[in-house]
file model_1.csv (CSV, C-alpha atoms)
chain,number,residue,atom,x,y,z
A,12,MET,CA,15.7,0.4,-24.5
A,13,VAL,CA,15.6,3.0,-21.8
A,14,GLY,CA,11.7,2.8,-21.7
A,15,TRP,CA,11.8,-0.9,-21.1
A,16,SER,CA,14.5,-0.7,-18.4
A,17,VAL,CA,12.4,1.9,-16.5
A,18,LEU,CA,9.3,-0.3,-16.8
A,19,ILE,CA,11.3,-3.4,-15.6
A,20,LEU,CA,12.7,-1.4,-12.7
A,21,GLN,CA,9.2,-0.2,-11.6
A,22,ILE,CA,7.8,-3.7,-11.8
A,23,GLY,CA,10.8,-5.1,-9.9
A,24,GLN,CA,10.5,-2.5,-7.2
A,25,HIS,CA,6.8,-3.3,-6.7
A,26,MET,CA,7.5,-7.0,-6.6
A,27,ILE,CA,10.4,-6.5,-4.2
A,28,TYR,CA,8.4,-4.1,-1.9
A,29,GLY,CA,5.4,-6.4,-1.9
A,30,ASN,CA,7.5,-9.5,-1.1
A,31,LEU,CA,9.4,-7.7,1.6
A,32,ARG,CA,6.2,-6.4,3.2
A,33,ARG,CA,4.5,-9.8,3.2
A,34,LYS,CA,7.5,-11.9,4.3
A,35,VAL,CA,9.3,-9.7,6.7
A,36,GLU,CA,6.4,-7.3,7.6
A,37,LEU,CA,8.8,-4.5,6.8
A,38,LEU,CA,7.2,-1.2,5.9
A,39,LEU,CA,9.2,1.0,3.6
A,40,VAL,CA,7.9,4.3,4.8
A,41,ALA,CA,9.2,7.8,5.2
A,42,HIS,CA,8.7,10.2,8.1
A,43,GLU,CA,8.3,14.0,7.9
A,44,LYS,CA,8.7,15.6,11.3
A,45,PHE,CA,7.0,18.8,12.0
A,46,ALA,CA,8.5,21.7,14.0
A,47,GLU,CA,5.4,21.9,16.2
A,48,ARG,CA,2.6,19.5,16.8
A,49,ARG,CA,-0.5,20.0,14.7
A,50,GLU,CA,-4.1,19.2,15.4
A,51,VAL,CA,-5.6,17.4,12.4
A,52,GLU,CA,-9.2,16.3,12.1
A,53,LYS,CA,-9.3,12.7,10.8
A,54,LEU,CA,-12.1,10.3,10.0
A,55,VAL,CA,-11.9,7.3,12.2
A,56,ILE,CA,-13.6,4.0,11.3
A,57,ALA,CA,-13.8,1.7,14.2
A,58,PRO,CA,-15.3,-1.7,13.4
A,59,ASN,CA,-16.9,-3.8,16.2
A,60,GLU,CA,-15.0,-7.1,15.7
A,61,LYS,CA,-17.4,-9.1,17.8
A,62,GLU,CA,-20.6,-8.1,15.9
A,63,LEU,CA,-18.9,-8.4,12.5
A,64,GLY,CA,-17.6,-11.9,13.4
A,65,LEU,CA,-21.1,-13.0,14.4
A,66,ALA,CA,-22.6,-11.7,11.2
A,67,PHE,CA,-20.0,-12.6,8.6
A,68,ASN,CA,-18.0,-15.5,10.1
A,69,GLU,CA,-15.2,-16.3,7.6
A,70,ASN,CA,-15.7,-13.0,5.7
A,71,GLN,CA,-15.1,-10.8,8.7
A,72,MET,CA,-11.5,-10.0,7.8
A,73,MET,CA,-12.5,-9.0,4.3
A,74,VAL,CA,-15.3,-6.8,5.5
A,75,THR,CA,-13.0,-5.1,8.1
A,76,GLU,CA,-10.3,-4.5,5.5
A,77,SER,CA,-12.9,-3.0,3.1
A,78,LEU,CA,-14.1,-0.7,5.9
A,79,SER,CA,-10.6,0.5,6.6
A,80,LEU,CA,-9.8,1.1,2.9
A,81,MET,CA,-12.9,3.4,2.4
A,82,ASP,CA,-12.1,7.0,1.5
A,83,GLU,CA,-13.6,9.8,3.5
A,84,GLU,CA,-16.5,10.5,1.1
A,85,GLU,CA,-17.7,6.9,1.1
A,86,ALA,CA,-17.4,6.6,4.9
A,87,LEU,CA,-19.4,9.8,5.5
A,88,GLN,CA,-22.2,8.5,3.1
A,89,LEU,CA,-22.2,5.2,5.1
A,90,LYS,CA,-22.3,7.1,8.4
A,91,VAL,CA,-25.4,9.1,7.2
A,92,ALA,CA,-27.1,6.0,6.0
A,93,LEU,CA,-26.4,4.2,9.3
A,94,GLU,CA,-27.7,7.1,11.3
A,95,SER,CA,-30.9,7.5,9.3
A,96,LYS,CA,-31.9,3.9,8.6
A,97,GLY,CA,-30.0,1.9,11.1
A,98,LYS,CA,-28.5,-0.3,8.4
A,99,ALA,CA,-26.6,0.3,5.1
A,100,GLY,CA,-25.0,-1.7,2.4
A,101,PHE,CA,-21.6,-1.4,0.7
A,102,LEU,CA,-19.6,-3.4,-1.8
A,103,VAL,CA,-16.9,-5.7,-0.6
A,104,LEU,CA,-14.7,-6.4,-3.6
A,105,LYS,CA,-12.9,-9.5,-2.2
A,106,VAL,CA,-16.3,-11.1,-1.4
A,107,GLY,CA,-17.8,-9.8,-4.6
A,108,ARG,CA,-21.2,-8.8,-3.3
A,109,MET,CA,-23.0,-6.1,-1.3
A,110,ILE,CA,-22.8,-6.5,2.4
A,111,LYS,CA,-25.4,-5.0,4.8
A,112,ILE,CA,-24.2,-3.8,8.1
A,113,THR,CA,-26.0,-2.3,11.0
A,114,ASP,CA,-25.1,0.7,13.2
A,115,ASN,CA,-23.8,-1.4,16.0
A,116,MET,CA,-21.2,-3.1,13.7
A,117,VAL,CA,-19.1,0.0,13.0
A,118,LYS,CA,-18.6,3.4,14.5
A,119,ILE,CA,-17.6,6.3,12.1
A,120,SER,CA,-16.6,9.6,13.6
A,121,LYS,CA,-14.3,12.6,13.1
A,122,GLN,CA,-11.7,13.1,15.8
A,123,LYS,CA,-9.1,15.7,16.3
A,124,ILE,CA,-5.7,14.1,16.5
A,125,ARG,CA,-2.4,15.7,17.4
A,126,GLU,CA,0.4,14.8,15.0
A,127,HIS,CA,4.1,15.5,15.3
A,128,GLU,CA,5.1,13.7,12.1
A,129,ARG,CA,3.6,12.5,8.8
A,130,VAL,CA,4.2,8.9,7.8
A,131,PHE,CA,3.9,8.1,4.1
A,132,THR,CA,5.1,5.6,1.5
A,133,PRO,CA,7.3,7.3,-1.1
A,134,SER,CA,6.3,7.0,-4.7
A,135,VAL,CA,9.8,5.8,-5.7
A,136,ILE,CA,11.6,3.2,-3.6
A,137,GLU,CA,15.0,2.3,-4.9
A,138,PRO,CA,16.5,-0.7,-3.4
A,139,SER,CA,20.3,-1.1,-3.5
A,140,PHE,CA,20.1,-4.1,-5.7
A,141,GLY,CA,18.7,-2.8,-9.0
A,142,ILE,CA,18.1,-4.9,-12.2
A,143,GLU,CA,20.3,-2.6,-14.2
A,144,ARG,CA,23.4,-3.8,-12.2
A,145,ILE,CA,22.4,-7.4,-12.9
A,146,ILE,CA,22.0,-6.8,-16.6
A,147,TYR,CA,25.3,-4.8,-16.7
A,148,CYS,CA,27.2,-7.7,-15.0
A,149,LEU,CA,25.6,-10.2,-17.4
A,150,PHE,CA,26.7,-8.1,-20.4
A,151,GLU,CA,30.2,-7.6,-18.9
A,152,HIS,CA,30.8,-11.3,-18.4
A,153,SER,CA,29.2,-12.4,-21.7
A,154,PHE,CA,31.0,-10.2,-24.2
A,155,TYR,CA,34.8,-9.8,-24.7
A,156,THR,CA,37.1,-8.6,-27.3
A,157,ARG,CA,39.3,-11.1,-29.2
A,158,LEU,CA,42.8,-10.4,-30.4
A,159,SER,CA,43.3,-10.6,-34.1
A,160,LYS,CA,46.1,-12.5,-35.8
A,161,ALA,CA,47.9,-9.1,-36.2
A,162,GLY,CA,47.7,-8.5,-32.5
A,163,MET,CA,45.2,-5.7,-32.7
A,164,ASP,CA,41.9,-5.6,-30.9
A,165,ASN,CA,38.8,-6.3,-33.0
call {"tool": "encode", "arguments": {"input": "model_1.csv", "output": "structure tokens"}}
result
Amino acid sequence: MVGWSVLILQIGQHMIYGNLRRKVELLLVAHEKFAERREVEKLVIAPNEKELGLAFNENQMMVTESLSLMDEEEALQLKVALESKGKAGFLVLKVGRMIKITDNMVKISKQKIREHERVFTPSVIEPSFGIERIIYCLFEHSFYTRLSKAGMDN
């Protein structure tokens, strides 16, 4: 029973977090502040919205989202291909096909950024309204003890 309740809790948390994020645009994130500012080298992918819009019309948002979700290794490979050939292809999962982009559609570079805090989504988000409380209330109100004819609880 414990395994199922943990699974139900995790599914419920993902559903609650997803619905909150979509409807209220509320991000459940945590902040870790640093004592001193740090210089961190990050990969920045800057899509050219105008060029992507002209090339892909209604699929522009999906292409832009796929570019932003690339990991560092994929982005560096794309950057090398764009610099050497002037165009490159990558798979956009939402469209379901390979898309060819040119070097004027996206700019990929490493930049040094000063950070004073780290923002991340925690792996466990426990809302104050858990399913275990609902199940407990359901059991509490569904079952009761009856008095026997002798006056004892059964």
call {"tool": "closest_residue", "arguments": {"input": "model_1.csv", "among": "A:Lys90, A:Arg129, A:Ile112, A:Lys44", "to": "Gly64 (chain A)", "atoms": "all atoms listed in the file"}}
result
A:Ile112
call {"tool": "atom_distance", "arguments": {"input": "model_1.csv", "atom1": "CA of Ser77 (chain A)", "atom2": "CA of Val103 (chain A)"}}
result
6.1 Å
call {"tool": "atom_distance", "arguments": {"input": "model_1.csv", "atom1": "CA of Asn70 (chain A)", "atom2": "CA of Ala92 (chain A)"}}
result
22.2 Å
call {"tool": "closest_residue", "arguments": {"input": "model_1.csv", "among": "A:Val55, A:Val106, A:Leu93, A:Ala66", "to": "Ser79 (chain A)", "atoms": "all atoms listed in the file"}}
result
A:Val55
call {"tool": "atom_distance", "arguments": {"input": "model_1.csv", "atom1": "CA of Leu104 (chain A)", "atom2": "CA of Glu83 (chain A)"}}
result
17.7 Å
call {"tool": "closest_residue", "arguments": {"input": "model_1.csv", "among": "A:Val135, A:Leu65, A:Leu102, A:Leu80", "to": "Val40 (chain A)", "atoms": "only C-alpha atoms"}}
result
A:Val135
call {"tool": "closest_residue", "arguments": {"input": "model_1.csv", "among": "A:Arg48, A:Lys98, A:Arg144, A:Lys105", "to": "Val74 (chain A)", "atoms": "only C-alpha atoms"}}
result
A:Lys105
call {"tool": "residues_near_point", "arguments": {"input": "model_1.csv", "point": "(-23.4, -2.5, 3.8)", "cutoff": "8 Å", "atoms": "all atoms listed in the file", "output": "PDB file with C-alpha atoms, in the coordinates of the input"}}
result
ATOM      1  CA  LEU A  89     -22.200   5.200   5.100  1.00  0.00           C
ATOM      2  CA  LYS A  98     -28.500  -0.300   8.400  1.00  0.00           C
ATOM      3  CA  ALA A  99     -26.600   0.300   5.100  1.00  0.00           C
ATOM      4  CA  GLY A 100     -25.000  -1.700   2.400  1.00  0.00           C
ATOM      5  CA  PHE A 101     -21.600  -1.400   0.700  1.00  0.00           C
ATOM      6  CA  LEU A 102     -19.600  -3.400  -1.800  1.00  0.00           C
ATOM      7  CA  MET A 109     -23.000  -6.100  -1.300  1.00  0.00           C
ATOM      8  CA  ILE A 110     -22.800  -6.500   2.400  1.00  0.00           C
ATOM      9  CA  LYS A 111     -25.400  -5.000   4.800  1.00  0.00           C
ATOM     10  CA  ILE A 112     -24.200  -3.800   8.100  1.00  0.00           C
ATOM     11  CA  THR A 113     -26.000  -2.300  11.000  1.00  0.00           C
TER      12      THR A 113
END
